[in-house]
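Engineer: File input-v6.cif below, mmCIF, C-alpha atoms:
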```cif
data_work
#
loop_
_atom_site.label_atom_id
_atom_site.label_comp_id
_atom_site.auth_asym_id
_atom_site.auth_seq_id
_atom_site.Cartn_x
_atom_site.Cartn_y
_atom_site.Cartn_z
CA MET A 1 59.69 83.56 -154.52
CA ASN A 2 61.30 86.19 -152.26
CA ARG A 3 57.91 87.43 -151.08
CA ARG A 4 56.83 83.92 -150.15
CA LEU A 5 60.10 83.33 -148.31
CA ILE A 6 59.74 86.56 -146.36
CA ALA A 7 56.13 85.77 -145.43
CA LEU A 8 56.97 82.24 -144.30
CA THR A 9 59.97 83.40 -142.25
CA VAL A 10 58.16 86.26 -140.52
CA GLY A 11 55.01 84.21 -139.92
CA GLY A 12 56.91 81.24 -138.54
CA LEU A 13 58.91 83.34 -136.09
CA MET A 14 55.82 85.18 -134.86
CA CYS A 15 53.95 81.90 -134.37
CA LEU A 16 56.85 80.48 -132.37
CA GLY A 17 56.90 83.57 -130.17
CA ALA A 18 53.17 83.43 -129.59
CA ALA A 19 53.32 79.73 -128.77
CA GLU A 20 56.11 80.23 -126.27
CA SER A 21 54.28 83.14 -124.65
CA ARG A 22 51.25 80.91 -124.08
CA ALA A 23 53.26 77.92 -122.94
CA GLN A 24 53.82 79.21 -119.43
CA VAL A 25 53.65 75.90 -117.66
CA GLY A 26 54.94 74.61 -114.39
CA PRO A 27 58.27 72.77 -114.55
CA GLY A 28 57.84 69.07 -115.08
CA VAL A 29 54.06 68.99 -114.62
CA GLY A 30 52.59 70.40 -117.83
CA THR A 31 49.96 72.45 -115.95
CA PRO A 32 49.46 76.12 -116.90
CA ILE A 33 50.55 78.60 -114.22
CA VAL A 34 48.15 81.53 -114.48
CA PRO A 35 48.62 84.76 -112.46
CA SER A 36 45.52 85.51 -110.39
CA GLY A 37 44.41 87.85 -107.62
CA ASN A 38 47.30 89.57 -105.91
CA ASN A 39 49.77 87.10 -107.41
CA THR A 40 50.52 88.97 -110.63
CA ASN A 41 53.34 86.71 -111.74
CA SER A 42 53.64 83.21 -110.34
CA ARG A 43 56.25 82.12 -112.90
CA VAL A 44 59.28 83.78 -111.29
CA GLY A 45 61.89 81.24 -110.21
CA THR A 46 60.25 78.37 -112.15
CA ARG A 47 62.98 78.00 -114.79
CA GLY A 48 66.61 77.02 -114.77
CA ALA A 49 69.71 78.63 -116.34
CA ASN A 50 68.46 82.12 -115.51
CA PHE A 51 71.96 83.45 -116.16
CA LEU A 52 71.06 83.20 -119.86
CA GLU A 53 68.71 86.17 -119.35
CA ILE A 54 71.45 88.54 -118.15
CA GLY A 55 72.02 91.16 -120.84
CA LEU A 56 75.54 91.17 -122.29
CA GLY A 57 77.54 93.62 -124.36
CA ALA A 58 78.21 97.23 -123.34
CA ARG A 59 76.71 98.69 -126.52
CA ALA A 60 73.36 96.99 -125.99
CA MET A 61 73.30 97.48 -122.24
CA GLY A 62 74.08 101.19 -122.62
CA MET A 63 70.65 101.29 -124.30
CA ALA A 64 69.01 99.26 -121.50
CA GLY A 65 68.86 96.16 -123.71
CA ALA A 66 66.70 97.81 -126.40
CA TYR A 67 68.85 96.36 -129.14
CA SER A 68 67.36 93.43 -131.06
CA ALA A 69 66.37 95.55 -134.09
CA LEU A 70 69.74 97.33 -134.14
CA GLY A 71 71.76 94.18 -133.37
CA GLU A 72 74.87 94.07 -135.54
CA GLY A 73 78.44 92.86 -135.31
CA PHE A 74 79.75 91.11 -132.22
CA SER A 75 76.82 92.01 -129.96
CA SER A 76 74.34 90.41 -132.36
CA LEU A 77 75.62 87.01 -131.24
CA TYR A 78 73.67 87.52 -128.02
CA TRP A 79 70.80 89.82 -129.06
CA ASN A 80 69.77 88.81 -132.57
CA LEU A 81 71.58 86.20 -134.65
CA ALA A 82 70.09 87.69 -137.81
CA GLY A 83 72.41 90.67 -137.29
CA THR A 84 75.47 88.47 -137.79
CA ALA A 85 74.60 88.26 -141.52
CA GLU A 86 75.71 91.91 -141.90
CA VAL A 87 79.34 91.06 -141.08
CA THR A 88 81.64 91.26 -144.12
CA GLY A 89 84.96 90.27 -142.55
CA VAL A 90 86.35 88.26 -139.64
CA SER A 91 85.38 89.96 -136.39
CA GLY A 92 84.93 89.22 -132.72
CA GLY A 93 85.28 90.51 -129.21
CA PHE A 94 84.92 89.85 -125.52
CA ASP A 95 82.88 91.33 -122.71
CA TYR A 96 83.39 91.59 -118.96
CA THR A 97 80.35 92.28 -116.80
CA GLN A 98 80.58 93.13 -113.11
CA LEU A 99 77.18 92.34 -111.69
CA TYR A 100 75.48 94.09 -108.76
CA GLY A 101 78.37 95.87 -107.15
CA LYS A 102 81.67 94.36 -106.07
CA ASP A 103 80.56 91.09 -104.49
CA GLY A 104 82.48 88.89 -106.94
CA LEU A 105 79.63 88.01 -109.29
CA ASN A 106 81.12 88.30 -112.78
CA PHE A 107 80.23 87.28 -116.32
CA LEU A 108 82.89 86.72 -119.01
CA TRP A 109 81.66 86.39 -122.59
CA GLY A 110 83.34 86.28 -125.98
CA GLY A 111 82.78 85.26 -129.56
CA ALA A 112 83.88 85.42 -133.17
CA LEU A 113 82.24 85.77 -136.59
CA LEU A 114 83.51 84.32 -139.88
CA PRO A 115 81.91 84.91 -143.30
CA ALA A 116 81.47 81.57 -145.08
CA GLY A 117 79.85 81.23 -148.49
CA SER A 118 76.58 83.13 -148.57
CA GLY A 119 76.33 83.45 -144.78
CA VAL A 120 78.25 84.06 -141.56
CA ILE A 121 79.24 81.46 -138.96
CA GLY A 122 79.30 82.60 -135.36
CA VAL A 123 80.72 81.07 -132.19
CA GLN A 124 80.22 82.36 -128.66
CA MET A 125 81.05 81.22 -125.15
CA GLY A 126 80.38 82.68 -121.73
CA GLN A 127 80.59 81.91 -118.04
CA LEU A 128 78.97 83.41 -114.96
CA SER A 129 80.97 82.94 -111.76
CA SER A 130 79.79 83.65 -108.22
CA GLY A 131 83.22 83.70 -106.62
CA LYS A 132 83.80 81.94 -103.30
CA ILE A 133 80.72 81.49 -101.09
CA PRO A 134 81.13 80.39 -97.43
CA ARG A 135 79.76 76.88 -96.95
CA THR A 136 77.53 76.24 -93.94
CA THR A 137 76.01 72.99 -92.74
CA TYR A 138 73.52 71.93 -90.09
CA ASP A 139 76.31 71.06 -87.65
CA PHE A 140 78.40 74.12 -88.56
CA PRO A 141 75.95 77.00 -89.19
CA ASP A 142 78.81 79.53 -89.14
CA GLY A 143 80.92 77.54 -91.58
CA GLY A 144 84.12 75.57 -91.09
CA ASP A 145 82.74 72.02 -91.47
CA PRO A 146 85.92 69.92 -91.98
CA THR A 147 84.03 67.28 -94.00
CA THR A 148 82.68 69.63 -96.69
CA GLY A 149 85.25 72.39 -97.03
CA SER A 150 85.02 76.06 -96.14
CA SER A 151 83.56 77.39 -99.40
CA PHE A 152 81.97 76.58 -102.75
CA ASP A 153 81.12 78.46 -105.93
CA TYR A 154 78.32 78.55 -108.48
CA ALA A 155 79.06 78.66 -112.21
CA GLY A 156 76.85 78.96 -115.27
CA THR A 157 78.38 78.17 -118.66
CA MET A 158 77.01 78.60 -122.17
CA ALA A 159 78.29 77.97 -125.72
CA GLU A 160 76.60 78.39 -129.09
CA VAL A 161 77.30 77.86 -132.77
CA SER A 162 75.19 79.94 -135.14
CA TYR A 163 74.63 80.79 -138.78
CA GLY A 164 73.28 84.05 -140.17
CA ARG A 165 72.27 84.74 -143.75
CA ARG A 166 70.74 87.44 -145.92
CA LEU A 167 67.63 86.14 -147.63
CA THR A 168 67.06 89.41 -149.49
CA ASP A 169 68.65 92.85 -149.50
CA ARG A 170 66.35 93.74 -146.56
CA LEU A 171 65.70 90.49 -144.68
CA ASN A 172 68.22 88.59 -142.54
CA VAL A 173 67.69 85.44 -140.49
CA GLY A 174 69.87 83.62 -137.97
CA LEU A 175 69.78 80.27 -136.21
CA GLY A 176 71.91 78.95 -133.35
CA LEU A 177 72.31 75.73 -131.38
CA LYS A 178 73.09 76.31 -127.71
CA TYR A 179 74.59 74.34 -124.82
CA ALA A 180 74.30 75.49 -121.22
CA SER A 181 75.11 74.10 -117.80
CA GLU A 182 74.94 75.40 -114.24
CA GLY A 183 75.47 74.32 -110.67
CA ILE A 184 78.01 73.83 -107.91
CA SER A 185 80.62 71.17 -107.38
CA ASN A 186 79.05 67.70 -107.65
CA ALA A 187 75.59 69.07 -108.48
CA THR A 188 75.10 70.29 -112.05
CA ILE A 189 72.39 70.47 -114.69
CA THR A 190 72.77 70.55 -118.49
CA TYR A 191 70.53 72.03 -121.20
CA PHE A 192 70.40 72.04 -124.99
CA GLY A 193 68.45 74.66 -126.90
CA ALA A 194 68.14 76.88 -129.94
CA ASP A 195 67.90 80.57 -130.81
CA VAL A 196 66.31 82.06 -133.91
CA GLY A 197 66.29 85.68 -135.05
CA LEU A 198 64.92 87.92 -137.79
CA ARG A 199 65.89 91.43 -138.86
CA PHE A 200 63.96 93.30 -141.55
CA ARG A 201 64.75 96.76 -142.92
CA THR A 202 61.39 98.13 -144.00
CA GLY A 203 62.67 100.93 -146.23
CA LEU A 204 60.27 103.33 -144.51
CA TYR A 205 62.16 106.28 -143.03
CA GLY A 206 65.03 104.20 -141.71
CA SER A 207 62.90 101.82 -139.63
CA THR A 208 64.03 98.25 -138.91
CA ILE A 209 62.11 95.42 -137.24
CA GLY A 210 63.78 92.74 -135.16
CA ALA A 211 62.31 89.63 -133.53
CA THR A 212 64.03 86.82 -131.65
CA LEU A 213 63.13 83.63 -129.86
CA THR A 214 65.91 82.52 -127.51
CA ASN A 215 66.60 79.64 -125.13
CA ALA A 216 63.93 77.35 -126.56
CA GLY A 217 65.04 73.87 -125.64
CA SER A 218 65.30 71.01 -123.22
CA SER A 219 64.66 70.54 -119.54
CA GLY A 220 66.98 68.85 -117.07
CA HIS A 221 67.57 68.05 -113.43
CA PHE A 222 70.53 68.25 -111.09
CA SER A 223 72.84 65.27 -110.89
CA GLY A 224 76.12 64.45 -109.18
CA ASN A 225 77.45 63.21 -105.87
CA ALA A 226 75.86 66.11 -103.97
CA VAL A 227 72.40 64.76 -104.81
CA LYS A 228 73.24 61.19 -103.87
CA ALA A 229 73.31 59.46 -100.50
CA ASN A 230 74.28 56.16 -98.89
CA VAL A 231 71.29 54.41 -97.29
CA PHE A 232 71.53 51.34 -95.10
CA ASN A 233 69.28 48.52 -96.35
CA THR A 234 67.70 46.74 -93.35
CA PHE A 235 66.19 43.91 -95.41
CA VAL A 236 69.42 42.89 -97.09
CA PRO A 237 72.14 44.26 -94.82
CA GLY A 238 74.39 46.62 -96.70
CA VAL A 239 74.68 50.16 -98.00
CA VAL A 240 72.74 51.22 -101.08
CA ARG A 241 73.66 54.26 -103.18
CA VAL A 242 70.50 56.30 -103.99
CA ASN A 243 69.72 59.51 -105.87
CA TYR A 244 67.58 62.29 -104.47
CA GLY A 245 64.48 63.00 -106.56
CA THR A 246 65.38 66.41 -108.02
CA GLN A 247 62.86 68.45 -110.01
CA ASP A 248 63.12 69.11 -113.75
CA PHE A 249 63.71 72.70 -114.87
CA GLU A 250 63.19 74.14 -118.33
CA MET A 251 65.25 76.79 -120.10
CA PRO A 252 64.12 80.45 -119.73
CA THR A 253 62.57 80.89 -123.17
CA THR A 254 62.25 84.55 -124.20
CA PHE A 255 60.56 86.29 -127.12
CA ARG A 256 61.67 89.82 -128.07
CA PHE A 257 60.11 92.22 -130.53
CA SER A 258 61.94 95.42 -131.39
CA ILE A 259 61.65 98.44 -133.70
CA MET A 260 64.53 100.78 -134.55
CA GLU A 261 64.09 104.23 -136.10
CA ASP A 262 66.98 106.06 -137.75
CA LEU A 263 66.16 109.61 -136.69
CA VAL A 264 69.08 111.67 -138.02
CA GLY A 265 72.00 111.09 -140.36
CA GLY A 266 71.15 107.87 -142.19
CA ALA A 267 70.34 107.56 -145.89
CA GLU A 268 66.68 106.85 -145.02
CA ALA A 269 66.53 108.83 -141.76
CA LEU A 270 63.25 110.27 -140.59
CA PHE A 271 64.88 113.72 -140.21
CA SER A 272 67.97 115.22 -141.90
CA GLN A 273 68.71 112.36 -144.24
CA GLY A 274 72.39 111.87 -144.94
CA THR A 275 73.40 115.29 -143.62
CA GLY A 276 76.03 116.18 -141.08
CA ALA A 277 78.53 113.92 -139.37
CA GLY A 278 76.26 112.56 -136.64
CA GLN A 279 73.70 109.79 -136.54
CA LEU A 280 70.92 109.37 -133.99
CA ARG A 281 68.96 106.14 -133.55
CA ALA A 282 66.08 105.20 -131.26
CA VAL A 283 65.10 101.62 -130.41
CA GLY A 284 62.03 100.33 -128.61
CA GLU A 285 61.70 96.75 -127.46
CA PHE A 286 59.32 94.41 -125.65
CA ALA A 287 60.61 91.22 -124.04
CA ASN A 288 58.28 88.44 -122.87
CA ALA A 289 60.18 85.75 -120.98
CA ILE A 290 58.44 82.64 -119.75
CA ASP A 291 59.46 83.42 -116.16
CA THR A 292 59.11 87.22 -115.95
CA ASP A 293 56.57 89.94 -116.51
CA LEU A 294 56.42 91.66 -119.90
CA GLN A 295 59.23 94.21 -119.99
CA GLY A 296 59.56 97.27 -122.19
CA ALA A 297 62.74 99.19 -122.98
CA LEU A 298 63.68 102.33 -124.86
CA GLY A 299 67.22 103.19 -125.97
CA LEU A 300 69.04 105.97 -127.83
CA GLU A 301 72.42 105.96 -129.55
CA TYR A 302 74.24 108.96 -131.00
CA GLY A 303 77.31 108.38 -133.14
CA LEU A 304 79.70 111.11 -134.28
CA ARG A 305 81.55 110.25 -137.53
CA ASP A 306 81.09 106.59 -136.66
CA MET A 307 83.90 107.00 -134.13
CA VAL A 308 82.49 108.36 -130.85
CA PHE A 309 79.21 107.09 -129.36
CA LEU A 310 76.90 108.13 -126.55
CA ARG A 311 74.02 105.94 -125.36
CA ALA A 312 71.19 106.02 -122.84
CA GLY A 313 68.13 103.91 -122.10
CA LYS A 314 65.49 102.80 -119.65
CA ARG A 315 63.94 99.38 -118.99
CA TRP A 316 60.61 99.02 -117.23
CA MET A 317 60.51 95.77 -115.27
CA ASN A 318 56.70 95.88 -114.78
CA GLU A 319 56.96 93.96 -111.52
CA GLN A 320 53.69 94.83 -109.84
CA ASN A 321 54.61 93.85 -106.29
CA THR A 322 57.91 95.71 -105.94
CA THR A 323 58.18 98.41 -103.30
CA GLY A 324 60.70 100.85 -101.87
CA LYS A 325 63.93 101.34 -103.79
CA ASP A 326 62.89 98.76 -106.38
CA LYS A 327 60.29 101.31 -107.53
CA ASP A 328 62.93 104.01 -108.09
CA PHE A 329 63.31 105.31 -111.63
CA GLN A 330 67.03 104.51 -111.39
CA ARG A 331 66.26 100.80 -111.51
CA GLY A 332 66.50 99.86 -115.18
CA LEU A 333 68.18 103.14 -116.12
CA ALA A 334 71.25 102.85 -118.36
CA PHE A 335 73.90 104.98 -120.00
CA GLY A 336 77.18 104.36 -121.76
CA GLY A 337 79.53 105.27 -124.55
CA GLY A 338 82.26 104.01 -126.80
CA VAL A 339 85.13 104.77 -129.13
CA ARG A 340 85.69 103.14 -132.51
CA LEU A 341 89.09 103.57 -134.19
CA PRO A 342 90.38 102.53 -137.64
CA LEU A 343 93.59 100.53 -137.54
CA GLY A 344 95.31 99.43 -140.74
CA GLY A 345 92.20 98.42 -142.66
CA ARG A 346 90.64 97.07 -139.49
CA HIS A 347 88.81 98.63 -136.59
CA VAL A 348 88.92 98.31 -132.82
CA GLN A 349 86.16 99.44 -130.50
CA PHE A 350 85.83 99.84 -126.75
CA ASP A 351 82.44 100.33 -125.08
CA TYR A 352 81.31 100.88 -121.50
CA ALA A 353 77.83 100.78 -119.96
CA TRP A 354 76.33 101.36 -116.52
CA ASN A 355 72.99 99.86 -115.44
CA GLY A 356 71.01 100.70 -112.32
CA ALA A 357 69.74 97.64 -110.46
CA GLY A 358 68.13 99.08 -107.34
CA VAL A 359 68.95 97.38 -104.05
CA LEU A 360 71.05 94.77 -105.85
CA GLY A 361 73.72 97.32 -106.71
CA ASN A 362 74.77 98.71 -110.05
CA THR A 363 76.16 96.74 -112.99
CA ASN A 364 79.18 97.67 -115.12
CA HIS A 365 79.84 96.35 -118.63
CA PHE A 366 83.14 96.55 -120.53
CA THR A 367 83.39 95.35 -124.14
CA PHE A 368 86.30 95.20 -126.57
CA GLU A 369 85.51 94.48 -130.23
CA PHE A 370 87.66 94.12 -133.36
CA GLY A 371 86.87 93.69 -137.03
CA PHE A 372 88.55 93.25 -140.41
#
```
Translate the structure described by the file into structure tokens.
Structural biologist:
Amino acid sequence: MNRRLIALTVGGLMCLGAAESRAQVGPGVGTPIVPSGNNTNSRVGTRGANFLEIGLGARAMGMAGAYSALGEGFSSLYWNLAGTAEVTGVSGGFDYTQLYGKDGLNFLWGGALLPAGSGVIGVQMGQLSSGKIPRTTYDFPDGGDPTTGSSFDYAGTMAEVSYGRRLTDRLNVGLGLKYASEGISNATITYFGADVGLRFRTGLYGSTIGATLTNAGSSGHFSGNAVKANVFNTFVPGVVRVNYGTQDFEMPTTFRFSIMEDLVGGAEALFSQGTGAGQLRAVGEFANAIDTDLQGALGLEYGLRDMVFLRAGKRWMNEQNTTGKDKDFQRGLAFGGGVRLPLGGRHVQFDYAWNGAGVLGNTNHFTFEFGF
């Protein structure tokens, strides 16, 4: 029975990932968008809610986002819901991400995990905020239009309820239902989607396989007073309220496949099994989003007595047409660290990560996590 369940779970997740990878269609038209000639990736900018693709959690981002196979604890809420099944007590945390320098673009994210019956219930919420942006209009190109206000802001919000469970002593699965919205004042769009994850410890020299399918869901279009107008009807004198014809956008569906290898220190480590006070892990990951090129990442984490951690990683964007500073090795480079302290039968953990983002400016991640 367990073997059949494992085969069905693994096969179903892989089929979903393959289907989503092929379903690279234009928004609202159902026509495949196929890269050709010098246009290596014509899908960029064709999906909505792109803030859902921003990596969160300092532990994961210190490894350049190579984390789905390792995903455990609080960070697994974002990276692999199957990892939530490993939680044995109430835990949670929050993360603050300062994106691309100090221009006011910030992401706040938090969540909690609660063991319930034979599984674990998870809840997470997050919001991306642009800060104040000067508002310009046709009549006031430098700003200051008294009819519209001097500024506006963009916000992206997400919330998810999930459930993770151990199917066997080696196989975990997780499923989540997600809500997301984005936009500016009086012009917003709403999405509903699902995430599914799998984590399988192979028993072969400390290796673990992780696979996730995220942001698979609905499409939507902008609505609100900002996409409406008053039009004078010449046939029947009077003003008619009309809506602009806005385009539908789909969620940025992403499939990730990841392999973790316990190199040193673990009970099944490839080298030096169960010896010494340190543990070294390596994680490789491929991510195929419906609106980006295939991206690969490699991350390392070293833990000393499960208290002090050092991390480093590199993500390869594989964007064929980038030039100049965007080609620098620093873009996609990551490093970080953390401290985990016992506290009266509980633990608290603080992690930091730095990510290089080329001409966009660097990104800083700060995460606080607690557990019982």
Engineer: Determine the nearest neighbour of Val308 of chain A from the options A:Gly296, A:Gly183, A:Gly336, A:Gly356, counting only C-alpha atoms.
Structural biologist: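 Smallest distance to Val308 of chain A is found for A:Gly336.
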Engineer: Measuring between only C-alpha atoms, which one of A:Asp351, A:Asp153, A:Glu86, A:Asp248 shows the shortest distance to Gly119 of chain A?
Structural biologist: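 Distance minimum relative to Gly119 of chain A lands on A:Glu86.
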Engineer: With a distance cut-off of 10 Å and only C-alpha atoms, select the neighbouring residues of Val239 of chain A, excluding the residue or stretch itself and same-chain residues fewer than 4 positions from it, and output the selection as a ChimeraX atom specification.
Structural biologist: /A:229-234
Engineer: Taking the file as shown, what set of residues would the PyMOL selection byres ((chain A and resi 44-56) around 9) give back, as a PyMOL selection string?
Structural biologist: chain A and resi 25-27+41-43+57-61+64-65+75+78-79+95-97+107+109+127-128+156-158+180-182+189-191+215+219-220+248-254+289-293+365
Engineer: What does the distance between atom CA of Leu167 of chain A and atom CA of Tyr205 of chain A come to in Å, to one decimal place?
Structural biologist: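 Answer for the atom CA of Leu167 of chain A to atom CA of Tyr205 of chain A separation: 21.4 Å.
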Engineer: What's the 8 Å shell around Tyr302 of chain A, counting all atoms listed in the file, without same-chain residues fewer than 2 positions away, as a PyMOL selection string?
Structural biologist: chain A and resi 278-281+300+304+309-311
Engineer: Could you expand the PyMOL selection byres ((chain A and resi 110) around 8) into the explicit residues it covers here, written as a VMD selection string?
Structural biologist: chain A and resid 92 to 95 108 to 109 111 to 112 124 to 126
Engineer: Which value, in Å to one decimal, gives the distance between atom CA of Phe192 of chain A and atom CA of Ile209 of chain A?
Structural biologist: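 A separation of 27.7 Å between them.
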Engineer: Dump as a PyMOL selection string all residues having an atom at most 6 Å from (62.2, 91.6, -132.9), computed in the file's coordinates with only C-alpha atoms.
Structural biologist: chain A and resi 68-69+209-212+256-258
Engineer: Given the selection you just returned, output its residues as a file containing C-alpha atoms, formatted as a tab-separated table (two decimals), in the frame of the given file.
Structural biologist:
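Okay, selection-v2.tsv is ready:
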```tsv
chain	number	residue	atom	x	y	z
A	68	SER	CA	67.36	93.43	-131.06
A	69	ALA	CA	66.37	95.55	-134.09
A	209	ILE	CA	62.11	95.42	-137.24
A	210	GLY	CA	63.78	92.74	-135.16
A	211	ALA	CA	62.31	89.63	-133.53
A	212	THR	CA	64.03	86.82	-131.65
A	256	ARG	CA	61.67	89.82	-128.07
A	257	PHE	CA	60.11	92.22	-130.53
A	258	SER	CA	61.94	95.42	-131.39
```
Engineer: Just give me the gap between atom CA of Phe255 of chain A and atom CA of Asn172 of chain A in Å, one decimal is fine.
Structural biologist: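 Result for atom CA of Phe255 of chain A versus atom CA of Asn172 of chain A: 17.4 Å, one decimal.
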Engineer: Carefully work through the PyMOL selection byres ((chain A and resi 354) around 6) for this structure and note down the residues it includes, as a PDB file with C-alpha atoms, in the frame of the given file.
Structural biologist:
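Below is the file that was written, part_39.pdb:
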```pdb
ATOM      1  CA  ALA A 334      71.250 102.850-118.360  1.00  0.00           C
ATOM      2  CA  PHE A 335      73.900 104.980-120.000  1.00  0.00           C
ATOM      3  CA  ALA A 353      77.830 100.780-119.960  1.00  0.00           C
ATOM      4  CA  ASN A 355      72.990  99.860-115.440  1.00  0.00           C
ATOM      5  CA  THR A 363      76.160  96.740-112.990  1.00  0.00           C
ATOM      6  CA  ASN A 364      79.180  97.670-115.120  1.00  0.00           C
TER       7      ASN A 364
END
```
Engineer: So, counting only C-alpha atoms, which residue among A:Pro146, A:Gly217, A:Gly83, A:Gly71 is closest to Arg165 of chain A?
Structural biologist: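 Of A:Pro146, A:Gly217, A:Gly83, A:Gly71, the one nearest Arg165 of chain A is A:Gly83, counting only C-alpha atoms.
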Engineer: Nearest to Phe370 of chain A among A:Arg346, A:Arg305, A:Lys228, A:Arg135, with distances taken over only C-alpha atoms: which residue is it?
Structural biologist: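 Of all the options, A:Arg346 lies closest to Phe370 of chain A.
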Engineer: Between A:Thr148, A:Val123, A:Asp142, A:Gln330, which residue has the minimum interatomic distance to Tyr179 of chain A, considering only C-alpha atoms?
Structural biologist: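 Smallest distance to Tyr179 of chain A is found for A:Val123.
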